[in-house]
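Source file: my_file-v6.cif (mmCIF, C-alpha atoms)
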```
data_protein
loop_
_atom_site.label_atom_id
_atom_site.label_comp_id
_atom_site.auth_asym_id
_atom_site.auth_seq_id
_atom_site.Cartn_x
_atom_site.Cartn_y
_atom_site.Cartn_z
CA MET A 1 3.22 -9.47 -4.23
CA THR A 2 2.23 -10.00 -7.86
CA SER A 3 5.26 -8.25 -9.41
CA ALA A 4 8.91 -8.05 -8.42
CA ASP A 5 9.12 -4.24 -8.63
CA MET A 6 6.57 -3.98 -5.79
CA ALA A 7 8.82 -5.97 -3.45
CA LEU A 8 10.86 -3.20 -1.80
CA PRO A 9 14.26 -3.87 -0.23
CA ALA A 10 14.15 -4.94 3.41
CA GLN A 11 13.73 -2.08 5.88
CA ASP A 12 15.88 -3.79 8.52
CA GLU A 13 17.40 -7.17 9.34
CA ARG A 14 14.08 -8.43 10.74
CA THR A 15 12.02 -7.69 7.63
CA MET A 16 10.73 -10.92 6.13
CA PRO A 17 11.51 -11.51 2.44
CA ALA A 18 8.72 -10.96 -0.06
CA VAL A 19 7.26 -13.81 -2.11
CA VAL A 20 6.57 -12.72 -5.69
CA LEU A 21 3.77 -14.46 -7.58
CA SER A 22 4.83 -13.33 -11.02
CA GLY A 23 3.13 -14.12 -14.32
CA LEU A 24 0.09 -15.73 -12.72
CA ASP A 25 -2.12 -14.99 -15.72
CA GLN A 26 0.48 -16.27 -18.20
CA ARG A 27 1.44 -19.61 -16.70
CA PRO A 28 -0.61 -22.84 -16.85
CA LEU A 29 -3.23 -22.95 -14.12
CA ASP A 30 -1.89 -26.18 -12.61
CA HIS A 31 1.61 -24.70 -12.26
CA ALA A 32 0.29 -21.63 -10.41
CA LEU A 33 -1.93 -23.86 -8.27
CA THR A 34 1.03 -26.02 -7.26
CA GLU A 35 3.09 -22.93 -6.35
CA LEU A 36 0.34 -21.46 -4.18
CA HIS A 37 -0.32 -24.79 -2.44
CA THR A 38 3.39 -25.18 -1.70
CA LEU A 39 3.53 -21.70 -0.19
CA ILE A 40 0.53 -22.40 2.04
CA GLU A 41 2.15 -25.62 3.25
CA GLN A 42 5.40 -23.75 3.92
CA TYR A 43 4.05 -20.64 5.65
CA GLY A 44 0.59 -21.63 6.83
CA TYR A 45 -1.13 -18.43 5.69
CA LEU A 46 -0.62 -16.04 2.75
CA VAL A 47 -1.50 -12.36 2.43
CA VAL A 48 -1.36 -11.39 -1.25
CA VAL A 49 -1.05 -7.62 -1.63
CA CYS A 50 -1.68 -5.93 -4.97
CA SER A 51 -2.78 -2.53 -6.21
CA SER A 52 -5.97 -1.48 -7.95
CA ALA A 53 -3.83 -1.06 -11.10
CA THR A 54 -2.90 -4.75 -11.12
CA PRO A 55 -4.29 -6.28 -14.35
CA GLU A 56 -7.74 -7.79 -13.85
CA SER A 57 -6.53 -11.02 -15.45
CA VAL A 58 -4.08 -11.44 -12.56
CA VAL A 59 -6.75 -10.68 -9.95
CA ARG A 60 -9.19 -13.14 -11.54
CA ARG A 61 -6.49 -15.82 -11.53
CA LEU A 62 -5.85 -15.19 -7.82
CA TYR A 63 -9.53 -15.65 -6.97
CA THR A 64 -9.67 -18.76 -9.15
CA LEU A 65 -6.65 -20.26 -7.38
CA ARG A 66 -8.08 -19.44 -3.97
CA SER A 67 -11.38 -21.05 -4.91
CA LEU A 68 -9.74 -24.20 -6.28
CA LEU A 69 -7.68 -24.59 -3.12
CA GLU A 70 -10.89 -24.24 -1.05
CA SER A 71 -8.76 -22.48 1.52
CA ASP A 72 -9.44 -19.64 3.94
CA ARG A 73 -5.72 -19.33 4.49
CA VAL A 74 -5.20 -17.01 1.51
CA ALA A 75 -6.11 -13.31 1.95
CA LEU A 76 -6.30 -11.01 -1.08
CA PHE A 77 -5.71 -7.39 -0.12
CA ARG A 78 -6.12 -4.50 -2.63
CA PRO A 79 -5.85 -1.26 -0.62
CA ASP A 80 -7.02 2.02 -2.13
CA LEU A 81 -3.48 3.33 -2.52
CA PRO A 82 -1.17 4.23 -5.43
CA PRO A 83 1.30 1.45 -6.34
CA LEU A 84 4.24 2.89 -4.39
CA GLY A 85 2.02 3.20 -1.31
CA VAL A 86 0.94 -0.42 -1.75
CA ALA A 87 4.59 -1.48 -1.94
CA VAL A 88 5.37 0.45 1.26
CA LEU A 89 2.39 -1.11 3.05
CA ALA A 90 3.45 -4.60 1.96
CA ARG A 91 6.92 -3.99 3.39
CA GLN A 92 5.42 -2.83 6.69
CA LEU A 93 3.48 -6.10 6.86
CA ARG A 94 6.71 -7.95 6.13
CA GLN A 95 8.29 -6.11 9.08
CA LEU A 96 5.41 -7.07 11.36
CA ALA A 97 5.56 -10.69 10.18
CA SER A 98 8.65 -11.11 12.36
CA CYS A 99 6.63 -10.24 15.50
CA ASP A 100 4.33 -12.35 17.67
CA LEU A 101 1.16 -11.45 15.74
CA SER A 102 -1.38 -14.05 14.71
CA PRO A 103 -2.11 -14.45 10.97
CA GLY A 104 -5.53 -12.79 11.26
CA VAL A 105 -4.19 -9.77 13.14
CA LEU A 106 -1.27 -9.38 10.75
CA ALA A 107 -3.52 -9.55 7.69
CA SER A 108 -6.08 -7.08 9.06
CA ALA A 109 -3.28 -4.73 10.19
CA GLY A 110 -2.94 -3.65 6.57
CA ARG A 111 -6.27 -1.82 6.68
CA LEU A 112 -5.21 -0.01 9.86
CA LEU A 113 -1.78 1.03 8.64
CA THR A 114 -3.14 2.64 5.46
CA HIS A 115 -4.31 5.52 7.67
CA TYR A 116 -0.68 6.47 8.34
CA LEU A 117 0.53 6.55 4.72
CA HIS A 118 0.73 9.81 2.74
CA ALA A 119 0.94 8.82 -0.91
CA GLY A 120 1.11 11.16 -3.89
CA ALA A 121 2.99 12.22 -6.99
CA VAL A 122 4.24 15.13 -9.05
CA LEU A 123 2.61 14.86 -12.49
CA GLY A 124 3.34 16.49 -15.80
CA SER A 125 -0.34 16.15 -16.74
CA VAL A 126 -3.62 15.41 -14.98
CA ALA A 127 -5.59 15.00 -18.22
CA LYS A 128 -6.03 11.25 -17.62
CA LEU A 129 -6.04 11.28 -13.83
CA ASP A 130 -9.25 9.70 -12.54
CA ARG A 131 -8.18 8.58 -9.05
CA VAL A 132 -8.33 12.08 -7.56
CA PRO A 133 -10.94 14.80 -8.28
CA VAL A 134 -9.58 17.17 -10.95
CA GLY A 135 -11.32 20.46 -11.75
CA LEU A 136 -11.80 21.86 -15.24
CA LYS A 137 -9.21 24.56 -14.62
CA ALA A 138 -6.56 22.00 -13.69
CA HIS A 139 -7.46 19.96 -16.77
CA ALA A 140 -7.02 23.05 -18.96
CA ARG A 141 -3.71 23.96 -17.31
CA SER A 142 -2.38 20.45 -17.84
CA TRP A 143 -2.25 21.13 -21.58
CA MET A 144 0.09 24.09 -21.07
CA PRO A 145 3.74 23.16 -21.82
CA GLY A 146 5.87 22.84 -18.70
CA SER A 147 2.95 22.61 -16.26
CA GLN A 148 3.43 20.35 -13.25
CA PHE A 149 0.97 19.35 -10.55
CA ALA A 150 1.42 17.99 -7.05
CA VAL A 151 -1.22 15.44 -6.08
CA LEU A 152 -1.85 13.69 -2.79
CA ALA A 153 -4.09 10.66 -3.28
CA HIS A 154 -4.13 9.43 0.31
CA PRO A 155 -5.20 9.96 3.05
CA GLU A 156 -7.01 13.11 1.88
CA PRO A 157 -7.10 13.98 -1.85
CA GLN A 158 -5.28 17.22 -2.69
CA LEU A 159 -4.19 18.76 -5.99
CA VAL A 160 -2.18 21.94 -6.52
CA LYS A 161 -0.39 23.44 -9.49
CA ILE A 162 3.31 23.70 -8.75
CA VAL A 163 4.16 27.36 -8.37
CA PRO A 164 6.41 29.10 -5.85
CA GLY A 165 5.02 28.44 -2.38
CA ALA A 166 2.80 25.52 -3.42
CA THR A 167 2.63 22.70 -0.89
CA LEU A 168 0.55 19.74 0.26
CA LYS A 169 -0.77 19.10 3.75
CA GLY A 170 1.36 16.38 5.25
CA PRO A 171 1.44 14.06 8.28
CA GLU A 172 1.32 15.39 11.82
CA PHE A 173 3.91 12.83 12.90
CA ASN A 174 7.47 12.07 11.88
CA THR A 175 7.99 9.95 8.78
CA TRP A 176 10.47 8.86 6.16
CA MET A 177 9.77 9.47 2.48
CA LEU A 178 10.20 7.08 -0.42
CA VAL A 179 10.58 8.52 -3.93
CA ALA A 180 10.25 6.78 -7.32
CA LYS A 181 11.10 8.80 -10.43
CA GLY A 182 9.38 8.32 -13.76
CA GLN A 183 9.78 10.31 -16.98
CA LEU A 184 9.67 13.74 -15.34
CA GLN A 185 12.45 16.01 -14.17
CA SER A 186 11.44 17.64 -10.90
CA ASP A 187 13.13 18.42 -7.58
CA TRP A 188 9.89 19.56 -5.95
CA VAL A 189 9.49 16.41 -3.85
CA GLY A 190 12.75 17.14 -2.06
CA GLY A 191 11.38 20.49 -0.96
CA LEU A 192 8.14 18.86 0.16
CA GLY A 193 10.14 16.45 2.29
CA GLY A 194 11.69 19.44 4.03
CA GLN A 195 8.27 20.97 4.66
CA TRP A 196 7.02 17.68 6.07
CA SER A 197 10.15 17.42 8.26
CA VAL A 198 10.83 13.85 7.13
CA HIS A 199 13.82 12.03 8.57
CA GLY A 200 15.17 11.42 5.09
CA LEU A 201 14.38 10.51 1.48
CA ARG A 202 15.08 7.14 -0.07
CA GLU A 203 14.81 6.44 -3.79
CA VAL A 204 13.52 3.26 -5.44
CA PRO A 205 12.58 2.33 -9.03
CA LEU A 206 9.13 3.35 -10.20
CA PRO A 207 6.63 0.44 -10.08
CA ALA A 208 5.43 -0.60 -13.53
CA GLU A 209 1.81 -0.13 -12.43
CA SER A 210 2.31 3.52 -11.41
CA PRO A 211 1.82 5.10 -14.88
CA VAL A 212 -1.42 3.13 -15.20
CA TRP A 213 -2.68 4.30 -11.80
CA TRP A 214 -1.72 7.97 -12.30
CA GLY A 215 -2.62 8.18 -16.00
CA THR A 216 0.83 9.31 -17.14
CA GLY A 217 4.45 8.19 -17.13
CA ARG A 218 5.64 11.81 -16.69
CA MET A 219 5.69 11.66 -12.94
CA VAL A 220 7.62 11.37 -9.67
CA GLU A 221 5.78 9.24 -7.12
CA PHE A 222 6.33 9.62 -3.37
CA CYS A 223 5.09 8.17 -0.10
CA GLY A 224 5.55 9.29 3.51
CA TYR A 225 5.56 6.35 5.91
CA LEU A 226 6.42 5.06 9.38
CA ALA A 227 9.58 2.98 9.26
CA ASP A 228 10.19 2.01 12.89
CA LEU A 229 9.00 -1.51 13.68
CA SER A 230 8.30 -0.71 17.34
CA VAL A 231 5.91 2.07 16.33
CA LEU A 232 4.11 -0.16 13.81
CA TYR A 233 3.80 -2.91 16.40
CA GLN A 234 2.46 -0.51 19.02
CA LEU A 235 -0.18 0.79 16.63
CA VAL A 236 -1.42 -2.69 15.77
CA THR A 237 -1.39 -4.13 19.29
CA SER A 238 -3.15 -1.08 20.74
CA VAL A 239 -6.33 -2.01 18.86
CA ARG A 240 -8.73 -4.47 20.47
CA GLN A 241 -8.74 -7.93 18.94
CA THR A 242 -11.86 -9.97 18.31
CA GLY A 243 -12.29 -13.58 17.26
CA CYS A 244 -13.80 -14.29 13.85
CA HIS A 245 -16.96 -16.33 14.47
CA TRP A 246 -16.54 -18.14 11.14
CA CYS A 247 -12.87 -19.21 10.88
CA GLY A 248 -11.80 -18.60 14.48
CA LEU A 249 -8.86 -16.30 13.75
CA ASP A 250 -8.14 -13.29 15.92
CA VAL A 251 -8.63 -10.10 13.90
CA ILE A 252 -8.73 -6.34 14.32
CA GLY A 253 -11.32 -4.21 12.58
CA ASP A 254 -14.76 -5.03 11.29
CA ARG A 255 -13.98 -7.86 8.85
CA CYS A 256 -11.80 -10.96 8.65
CA VAL A 257 -9.45 -10.55 5.70
CA PHE A 258 -9.15 -14.31 5.19
CA CYS A 259 -12.79 -15.47 5.13
CA SER A 260 -14.45 -12.02 4.74
CA ALA A 261 -16.79 -12.70 7.66
CA THR A 262 -17.78 -9.81 9.91
CA PRO A 263 -17.20 -10.35 13.65
CA PRO A 264 -20.44 -10.26 15.66
CA VAL A 265 -19.18 -7.31 17.70
CA HIS A 266 -18.31 -4.29 15.54
CA GLU A 267 -14.97 -2.89 16.68
CA PRO A 268 -13.53 -0.54 14.02
CA ALA A 269 -9.77 -0.25 13.92
CA ALA A 270 -9.73 3.51 14.27
CA PRO A 271 -6.31 5.09 13.71
CA ARG A 272 -4.64 6.31 16.89
CA ALA A 273 -3.25 9.84 16.79
CA LEU A 274 0.54 10.11 16.82
CA GLU A 275 2.26 12.95 18.55
CA GLN A 276 4.65 15.15 16.58
CA GLY A 277 7.63 13.77 18.46
CA THR A 278 6.84 10.12 17.80
CA PRO A 279 9.88 8.46 16.21
CA ALA A 280 9.46 6.98 12.73
#
```
Output the file's structure as structure tokens, nothing else.
Amino acid sequence: MTSADMALPAQDERTMPAVVLSGLDQRPLDHALTELHTLIEQYGYLVVVCSSATPESVVRRLYTLRSLLESDRVALFRPDLPPLGVAVLARQLRQLASCDLSPGVLASAGRLLTHYLHAGAVLGSVAKLDRVPVGLKAHARSWMPGSQFAVLAHPEPQLVKIVPGATLKGPEFNTWMLVAKGQLQSDWVGGLGGQWSVHGLREVPLPAESPVWWGTGRMVEFCGYLADLSVLYQLVTSVRQTGCHWCGLDVIGDRCVFCSATPPVHEPAAPRALEQGTPA
């Protein structure tokens, strides 16, 4: 991770600790290079997960460090998810890191697991929201005092004005829900959790990148996710693995996350349907 507030507490005793690469764009290049080299020597492979709201100066520094190291053992992963969803996905990869998965499979599992995350927020304004389609009517309503909107950014964009009976289409399998409160007072997410039949709600601090991603600090961010390690492992291992013809790593999906090469045989990591009774 590139910031400490994206490193969520361990889900269970097997969850691997997160490594935080903080202040990459502020420290001398040689110091950051030494840190990254030490981590590679210690762990063998690194999967650096960051959101699309991570400052571009940090992302450029990551690519510079990777290039200077001349290493295919560093994977940079920026999923199309809000910051809280990215933090949840990173923790799921930390859970899977304790299993018998090869580095290539573990790294490419991130793209597969995004299909099972339901990430959204309650917003006090959508005037600056550009990550989800917003109609003119919603833009106009966002200027009305007291207006609140429920937005689902992933897996399928949805936006509704919060009125009695308003809801968002949720997962068709059992999940937990993580909630991060910003500068907005709203209990609506708790009701949504009941409609989605989540096992429970857990609260964490709001990531610093969330107001940037959502266009406002008046928000409550949420994410529905699978928490059970056995379910995550079953999802990943049920997908056929192929060998990367360039670096030799076993991967799932249509691209090696470490060297960016495409396997000669296209085998998309299609999400497998979960039944309603599947434990989370």
Got a sec to resolve the PyMOL selection byres ((chain A and resi 210) around 10) on this structure and send the residues as a count of residues only? 23
Note to self: Could you list, as a PyMOL selection string, every residue matched by the PyMOL selection byres ((chain A and resi 188) around 10) in this structure?
What the structure shows: chain A and resi 122+148+150+162-163+166-167+185-187+189-193+220
Pick out the closest residue to Cys247 in chain A from this set: A:Glu156, A:Cys259, A:Glu70, A:Val59. Count only C-alpha atoms.
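Under the stated criterion, the closest residue is A:Cys259.
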task = Take the PyMOL selection byres ((chain A and resi 92) around 12), apply it to the structure above, and return the hits as a VMD selection string.
result = chain A and resid 7 to 12 14 to 18 49 85 to 91 93 to 99 106 to 107 109 to 114 116 to 117 225 to 233 235 to 236
The residue from A:His118, A:His31, A:His154, A:Arg131 with the smallest atom-to-atom distance to Glu172 in chain A, counting all atoms listed in the file, is A:His118
*Identify which of the residues A:Arg73, A:Lys169, A:Lys161, A:Arg66 lies closest to Ala119 in chain A, counting all atoms listed in the file when measuring atom-to-atom distances.*
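Using all atoms listed in the file, the shortest distance to Ala119 in chain A belongs to A:Lys169.
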Could you list, as a PyMOL selection string, every residue within 8 Å of range 196-203 of chain A, counting all atoms listed in the file and ignoring same-chain residues fewer than 6 positions away? chain A and resi 170-171+174-181+190+224+280
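Shortest atom-to-atom contact with Val132 in chain A among A:Ser260, A:Gln158, A:Ser238, A:Thr64: A:Gln158, counting all atoms listed in the file.
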Protein, DNA and RNA residues within 10 Å of (-10.2, -13.1, 5.4), all atoms listed in the file, as JSON, numbers by chain = {"A": [47, 72, 73, 74, 75, 76, 77, 103, 104, 107, 108, 244, 246, 247, 249, 251, 255, 256, 257, 258, 259, 260, 261, 262]}
